[in-house]
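What follows is a set of notes on a single structure, which appears directly below.
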Amino acid sequence: MFFVIGGSLFYVWSRVQVIQLGYEISNALKEEWALTETNKKLRLEIATLKSYTRIEKFAAEELRMAEPRPEQVIVIR
Amino acid sequence: MKQKPINWFKIRIIFLSCLLFFCFVLIMGRMFQLQVLKKEQLYKLAAQQQHVQIPLVPKRGTVYDGNGNELAVSIEVDSVCADARKIVDVEKTANELASILQIDRKELKQRLKSHRAFEWVQRKISSKEAEQIKALQLPGIFFLKENRRFYPNSLLAAHLIGFVGLDSKGLEGIEFQYDALLNGENRVWASARDALGRQIAMGKVPFEKEDHYRNIVLTIDKPIQHITEAELDRGVEKWGAKGGMAIAMDPLTGKILAMASYPTFNPNQFIQSRSKSWRNGAVSDVFEPGSLFKVFLAAAALEERLVRPSDSFFCENGSYTVYDRTIHDTSKRGWLTFQQIIKFSSNIGASKVGEKMGKERFYRYISAFGFGEKTGINLPGEGKGILRHPRYWPPVALDTISFGQGISVTGIQLVTALSAIANGGFLMKPYVVEKIMNEKGEVVQSFQPETIRKVVSGETAKKVTMLLKATTEKGGTGEGAVPVGYEVAGKTGTAQKVDSLLGGYSENRYISGFMGFAPAEDPKLALLVVIDEPQGGNYGGVVAAPIFKAIMEKVLPYLQVVPKGTIVVKNELDSAPRKEAPGTQPLINGIKVGKGAGTIVMPDLNGLSMRNALSRMEGRGLIIKVSGNGKVVEQAPRPGTVIERGDICYLKFRSPS
């Protein structure tokens, strides 16, 4: 009798656990998805900031950089 | 007789039994009704409530350049939709949405009053706008996820990449050509949900990873593409020209490193530019090559051993009549060698070489160089030019085609044929797609250099290169195309445009071009620059050559080809990391006493920048080894030491911070 009750309680507990884990998996998947999207958005932002037109403008106008003349270039190998 | 007392007990039992039986029948009936009669319908309803099917937006693959920089990326964004039946206050809703999204208030109000269950308000809005709208919590307004295509470099390689429409369909360029590969499949995410609407993952995880979209890696090199575009834009604007194009190719492989056209557009807002500027002129525009074509005449003539570079031709002092036409030269000349004909770009000289070769033979070479057929670069709208069979050539055509009139070509054909001269005679198939990857980043298909045919011998190619090198030397038409410290093989071209109204050639509308490769001896880059209708100057050597020079000047150092005269020093840090710890330097004791003429006194370089320090040390025959970067903190030998040519100097740099 004791075993029957214990066994059925265990069975019920395990079912509850399965469902509980189901919720967690589902949330984790959603989170993964959202994070992947965020990651992609950040990568896009990096790519946009790395646009040469932007960097060139910034370097020339704000930092007052200029391209080196050929005789100013020293190559280090 | 005593009346039998009513057995209430029995009656109660009977009554209860009947009641129970009645209830039983009722329940059974209801069960029959639910489980048998309405079974299908209820099953469906349950499935609808317990299972959610979230349609996932099909992903679209990314387009990369050859170094893995993103050129086109898809990001999930929100689209605002409305269920017009559930909107409480149309007036307020429309006002608030219109002010956030900056759309027409009246028109939106009209749509919200329609009582339809689904209505787009605005598609693909920014995340900032979405947040603002979500914060308002307007009833009847909801969001859908959609993919939006972003081009992070905006104008860069716009013509080549193309763009997609609102429904993620490629409309131009690579986006169009590889649309089927880039687009993923429509999928749904099936999942169960409980009474409260929360999702539970049951059984196996139904979330499939496979999207079946492909990422595309182009051969384009972002820095080269940027330089090419920037210089082309500058050139076109300087000459007030109608348009232009530039193509850079790796002559050994046929890889396209840059492809630019002008006018250009921003693929992020392609709708705002005119459809004319979407055209990828580099592959689709067909034009007469003019003198650029003499390169291929020279190759054919040398391969057939009809002429030697030193053979002389009489150039008729600038005016030569063939049949009904008179051919002119820009500068009147008498006898010229074949080399000079190319160098000064004499039309009359070229005609005479052409006459010597004959139609059939010349035609064979022109087709062998790939003219008159598509190059197979696999881009939409590629032109194939106009090359008629010699059977249909009018008598004068042999002469005119020799200097590039009466034949039409595309930019990509020219640069491909030129590459065949640069690489020793092999016509390579040009390609822009390097590889195709699946969503996991594994290579599904990669493209290798492909030789179409051998057009001329290596020896001939070398001879033509010599001729083209002479063209860019002092006095040649292509003088302006040579950056300091490099050797360029190239050819100028100026072609009158065909007047579509009057027929015949236009008097004042020209195409100016320059094509060439560098370094001449070991070509790393073949480049074509064509400017359409420049104002106030028309010669290829004046208009296109400086643009060619400006591009080469910046791209060659990037390709590790340094100009002659550059100081090259060895970086100790890379070869022997941290060999000399401070204080234990073996060479510091070597105070050498010089032996007269060859001796130098070691200057004090302390605190100088690398550039200043090295330029001071340069030209004295010293072997300079450097480590670190920033300002000089240590030097060996010590300042004031007399040193000799061939001595080794160690310089140690550290940044001030």
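Each chain in the structure tokens gets a letter, A, B and so on, in the order shown; residues start at 1 in every chain, and ligands are counted from 1 in the order they appear.
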Quick one: residues within 7 Å of stretch 329-338 of chain B, only C-alpha atoms counted, chain neighbours fewer than 2 positions away excluded, as a PyMOL selection string?
chain B and resi 309-319+327+340-342+346-348
Just-selected residues, N, CA and C atoms written as an mmCIF file, in the first residue's frame:
```
data_model
loop_
_atom_site.group_PDB
_atom_site.id
_atom_site.type_symbol
_atom_site.label_atom_id
_atom_site.label_comp_id
_atom_site.auth_asym_id
_atom_site.auth_seq_id
_atom_site.Cartn_x
_atom_site.Cartn_y
_atom_site.Cartn_z
ATOM 1 N N PRO B 309 57.710 45.447 -83.035
ATOM 2 C CA PRO B 309 57.545 46.783 -82.444
ATOM 3 C C PRO B 309 58.373 47.847 -83.157
ATOM 4 N N SER B 310 59.462 47.437 -83.812
ATOM 5 C CA SER B 310 60.330 48.434 -84.443
ATOM 6 C C SER B 310 59.960 48.709 -85.900
ATOM 7 N N ASP B 311 59.007 47.951 -86.462
ATOM 8 C CA ASP B 311 58.601 48.186 -87.856
ATOM 9 C C ASP B 311 57.974 49.569 -88.008
ATOM 10 N N SER B 312 58.279 50.228 -89.135
ATOM 11 C CA SER B 312 57.746 51.578 -89.333
ATOM 12 C C SER B 312 56.555 51.595 -90.289
ATOM 13 N N PHE B 313 55.650 52.503 -90.016
ATOM 14 C CA PHE B 313 54.487 52.721 -90.877
ATOM 15 C C PHE B 313 54.399 54.217 -91.172
ATOM 16 N N PHE B 314 53.935 54.541 -92.371
ATOM 17 C CA PHE B 314 53.784 55.947 -92.712
ATOM 18 C C PHE B 314 52.407 56.429 -92.273
ATOM 19 N N CYS B 315 52.394 57.438 -91.441
ATOM 20 C CA CYS B 315 51.124 57.854 -90.864
ATOM 21 C C CYS B 315 50.472 59.015 -91.606
ATOM 22 N N GLU B 316 50.840 59.229 -92.853
ATOM 23 C CA GLU B 316 50.127 60.106 -93.796
ATOM 24 C C GLU B 316 49.962 61.537 -93.307
ATOM 25 N N ASN B 317 50.776 61.970 -92.406
ATOM 26 C CA ASN B 317 50.689 63.325 -91.866
ATOM 27 C C ASN B 317 49.291 63.698 -91.364
ATOM 28 N N GLY B 318 48.626 62.734 -90.768
ATOM 29 C CA GLY B 318 47.401 63.049 -90.034
ATOM 30 C C GLY B 318 46.103 62.918 -90.803
ATOM 31 N N SER B 319 46.139 62.538 -92.079
ATOM 32 C CA SER B 319 44.885 62.425 -92.809
ATOM 33 C C SER B 319 44.996 61.303 -93.836
ATOM 34 N N ILE B 327 40.344 59.196 -92.282
ATOM 35 C CA ILE B 327 40.718 58.945 -90.895
ATOM 36 C C ILE B 327 41.698 60.032 -90.470
ATOM 37 N N GLN B 340 55.603 53.329 -81.490
ATOM 38 C CA GLN B 340 55.164 54.723 -81.397
ATOM 39 C C GLN B 340 53.689 54.878 -81.750
ATOM 40 N N ILE B 341 53.223 54.037 -82.660
ATOM 41 C CA ILE B 341 51.806 54.098 -83.031
ATOM 42 C C ILE B 341 50.946 53.876 -81.795
ATOM 43 N N ILE B 342 51.363 52.893 -80.986
ATOM 44 C CA ILE B 342 50.617 52.631 -79.750
ATOM 45 C C ILE B 342 50.854 53.762 -78.751
ATOM 46 N N SER B 346 48.122 56.491 -82.682
ATOM 47 C CA SER B 346 47.804 56.938 -84.039
ATOM 48 C C SER B 346 46.736 56.050 -84.668
ATOM 49 N N ASN B 347 45.639 56.684 -85.078
ATOM 50 C CA ASN B 347 44.560 55.927 -85.717
ATOM 51 C C ASN B 347 44.988 55.412 -87.084
ATOM 52 N N ILE B 348 45.722 56.257 -87.812
ATOM 53 C CA ILE B 348 46.128 55.885 -89.164
ATOM 54 C C ILE B 348 47.089 54.696 -89.115
#
```
Residues near B:Pro394, cut-off 12 Å, only C-alpha atoms, skip fewer than 6 positions along chain, as a PyMOL selection string:
chain B and resi 322-325+359+388+400-401+406
Chain A residues near chain B (8 Å cut-off, only C-alpha atoms) as an MDAnalysis selection string
chainID A and resid 19 22:27 37 40:41 44:45 47:53 70:77
Would you give me, as a VMD selection string, the residues in chain A that DSSP reads as alpha helix (DSSP H)?
chain A and resid 2 to 49 52 to 57
Strand (DSSP E) positions in stretch 210-436 of chain B, given as number ranges by chain:
B: 214-218, 243-250, 255-262, 286-287, 312-314, 319-322, 325-328, 335-337, 409-410, 426-428, 433-436
I'd like the contact shell of B:Glu450 - 8 Å cut-off, only C-alpha atoms, skipping same-chain residues fewer than 4 positions apart - returned as a PyMOL selection string.
chain B and resi 253-254+428-429
Give me the residues within 12 Å of B:Arg279 as an MDAnalysis selection string, counting only C-alpha atoms and dropping any in the same chain fewer than 3 places off.
chainID B and resid 157:163 171:173 243:245 260:265 270 273:276 282:285 379:383
Please write the residues from the selection above to a file, keeping N, CA and C atoms, as a compact mmCIF listing (two decimals), in the first residue's frame.
```
# COMPACT_ATOMS: atom_id res chain seq x y z
N ALA B 157 29.41 49.73 -53.23
CA ALA B 157 29.08 48.61 -54.12
C ALA B 157 27.58 48.46 -54.34
N ALA B 158 26.87 49.57 -54.30
CA ALA B 158 25.41 49.52 -54.41
C ALA B 158 24.94 48.83 -55.67
N HIS B 159 25.60 49.14 -56.80
CA HIS B 159 25.16 48.56 -58.06
C HIS B 159 25.36 47.06 -58.10
N LEU B 160 26.46 46.64 -57.51
CA LEU B 160 26.78 45.22 -57.54
C LEU B 160 25.86 44.44 -56.61
N ILE B 161 25.66 44.94 -55.40
CA ILE B 161 24.85 44.21 -54.43
C ILE B 161 23.38 44.28 -54.80
N GLY B 162 22.93 45.43 -55.29
CA GLY B 162 21.52 45.59 -55.62
C GLY B 162 20.72 45.87 -54.36
N PHE B 163 19.44 45.51 -54.38
CA PHE B 163 18.61 45.75 -53.21
C PHE B 163 17.40 44.84 -53.26
N LEU B 171 15.68 42.65 -56.13
CA LEU B 171 15.24 43.36 -57.33
C LEU B 171 16.39 43.72 -58.26
N GLU B 172 17.60 43.82 -57.73
CA GLU B 172 18.73 44.21 -58.57
C GLU B 172 19.99 43.49 -58.10
N GLY B 173 20.99 43.48 -58.94
CA GLY B 173 22.32 43.01 -58.57
C GLY B 173 22.37 41.59 -58.04
N GLY B 243 28.39 60.40 -66.46
CA GLY B 243 28.50 59.16 -65.70
C GLY B 243 29.89 58.60 -65.80
N GLY B 244 30.06 57.41 -65.30
CA GLY B 244 31.37 56.79 -65.37
C GLY B 244 31.34 55.40 -64.78
N MET B 245 32.43 54.70 -64.97
CA MET B 245 32.54 53.37 -64.37
C MET B 245 34.00 53.04 -64.14
N ALA B 260 32.57 49.83 -59.81
CA ALA B 260 31.85 51.04 -59.44
C ALA B 260 31.20 51.67 -60.65
N SER B 261 30.05 52.25 -60.45
CA SER B 261 29.37 52.98 -61.51
C SER B 261 28.89 54.31 -60.96
N TYR B 262 28.77 55.25 -61.83
CA TYR B 262 28.23 56.55 -61.46
C TYR B 262 27.17 56.92 -62.48
N PRO B 263 26.04 57.46 -62.16
CA PRO B 263 25.58 57.87 -60.82
C PRO B 263 25.27 56.68 -59.93
N THR B 264 25.31 56.93 -58.64
CA THR B 264 25.09 55.86 -57.70
C THR B 264 23.86 56.14 -56.86
N PHE B 265 23.56 55.25 -55.94
CA PHE B 265 22.34 55.40 -55.13
C PHE B 265 22.56 54.71 -53.80
N PHE B 270 16.52 53.05 -51.80
CA PHE B 270 16.64 53.02 -53.26
C PHE B 270 15.48 53.72 -53.94
N SER B 273 15.94 57.34 -55.22
CA SER B 273 16.77 57.71 -56.36
C SER B 273 16.10 57.23 -57.64
N ARG B 274 16.50 57.85 -58.73
CA ARG B 274 15.87 57.49 -59.99
C ARG B 274 16.34 56.12 -60.46
N SER B 275 15.44 55.42 -61.12
CA SER B 275 15.77 54.04 -61.48
C SER B 275 16.96 53.98 -62.44
N LYS B 276 17.24 55.09 -63.11
CA LYS B 276 18.38 55.12 -64.01
C LYS B 276 19.70 54.88 -63.27
N ALA B 282 28.87 49.08 -65.37
CA ALA B 282 30.11 48.35 -65.61
C ALA B 282 29.89 47.05 -66.36
N VAL B 283 28.72 46.44 -66.20
CA VAL B 283 28.46 45.22 -66.96
C VAL B 283 27.40 45.40 -68.03
N SER B 284 26.55 46.41 -67.90
CA SER B 284 25.44 46.48 -68.84
C SER B 284 25.60 47.55 -69.92
N ASP B 285 26.42 48.57 -69.67
CA ASP B 285 26.54 49.62 -70.68
C ASP B 285 27.47 49.19 -71.80
N LEU B 379 25.85 38.33 -63.55
CA LEU B 379 25.17 39.47 -62.96
C LEU B 379 24.02 39.85 -63.89
N PRO B 380 22.94 40.36 -63.31
CA PRO B 380 21.79 40.66 -64.17
C PRO B 380 22.09 41.78 -65.16
N GLY B 381 21.52 41.66 -66.32
CA GLY B 381 21.58 42.73 -67.31
C GLY B 381 22.93 42.87 -67.99
N GLU B 382 23.71 41.79 -68.03
CA GLU B 382 25.01 41.92 -68.68
C GLU B 382 24.82 42.10 -70.19
N GLY B 383 25.57 43.06 -70.73
CA GLY B 383 25.50 43.29 -72.16
C GLY B 383 26.52 42.41 -72.86
```
Close residues, stretch 413-424 of chain B itself excluded, 6 Å, only C-alpha atoms, min 2 positions apart in chain, as a list of chain:residue names
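Using only C-alpha atoms, the neighbours found are B:Pro251, B:Leu252, B:Phe369, B:Thr410, B:Gly411, B:Phe426, B:Leu427, B:Gly458, B:Ala461.
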Take the residues that were just selected and, keeping N, CA and C atoms, output them as a PDB file, in the first residue's frame.
```
ATOM      1  N   PRO B 251      44.287  40.321 -62.220  1.00  0.00           N
ATOM      2  CA  PRO B 251      44.470  39.802 -63.576  1.00  0.00           C
ATOM      3  C   PRO B 251      44.841  38.314 -63.619  1.00  0.00           C
ATOM      4  N   LEU B 252      45.366  37.781 -62.539  1.00  0.00           N
ATOM      5  CA  LEU B 252      45.777  36.383 -62.569  1.00  0.00           C
ATOM      6  C   LEU B 252      44.601  35.433 -62.396  1.00  0.00           C
ATOM      7  N   PHE B 369      39.342  37.131 -77.613  1.00  0.00           N
ATOM      8  CA  PHE B 369      39.490  37.967 -76.420  1.00  0.00           C
ATOM      9  C   PHE B 369      38.169  38.124 -75.669  1.00  0.00           C
ATOM     10  N   THR B 410      31.557  46.009 -73.563  1.00  0.00           N
ATOM     11  CA  THR B 410      31.207  46.395 -72.192  1.00  0.00           C
ATOM     12  C   THR B 410      32.493  46.565 -71.400  1.00  0.00           C
ATOM     13  N   GLY B 411      32.382  47.264 -70.293  1.00  0.00           N
ATOM     14  CA  GLY B 411      33.537  47.489 -69.436  1.00  0.00           C
ATOM     15  C   GLY B 411      34.146  46.189 -68.947  1.00  0.00           C
ATOM     16  N   PHE B 426      46.195  34.350 -70.861  1.00  0.00           N
ATOM     17  CA  PHE B 426      45.042  33.521 -70.494  1.00  0.00           C
ATOM     18  C   PHE B 426      43.804  34.382 -70.277  1.00  0.00           C
ATOM     19  N   LEU B 427      42.736  34.068 -71.015  1.00  0.00           N
ATOM     20  CA  LEU B 427      41.479  34.774 -70.797  1.00  0.00           C
ATOM     21  C   LEU B 427      40.781  34.106 -69.618  1.00  0.00           C
ATOM     22  N   GLY B 458      52.619  33.708 -74.132  1.00  0.00           N
ATOM     23  CA  GLY B 458      53.225  34.507 -73.075  1.00  0.00           C
ATOM     24  C   GLY B 458      54.202  35.526 -73.634  1.00  0.00           C
ATOM     25  N   ALA B 461      52.251  38.414 -75.016  1.00  0.00           N
ATOM     26  CA  ALA B 461      51.716  39.210 -73.905  1.00  0.00           C
ATOM     27  C   ALA B 461      52.800  40.120 -73.344  1.00  0.00           C
TER      28      ALA B 461
END
```
Hey, what's within 9 Å of B:Lys255 if we count only C-alpha atoms and toss same-chain stuff fewer than 6 positions away? As a count of residues only, please?
12
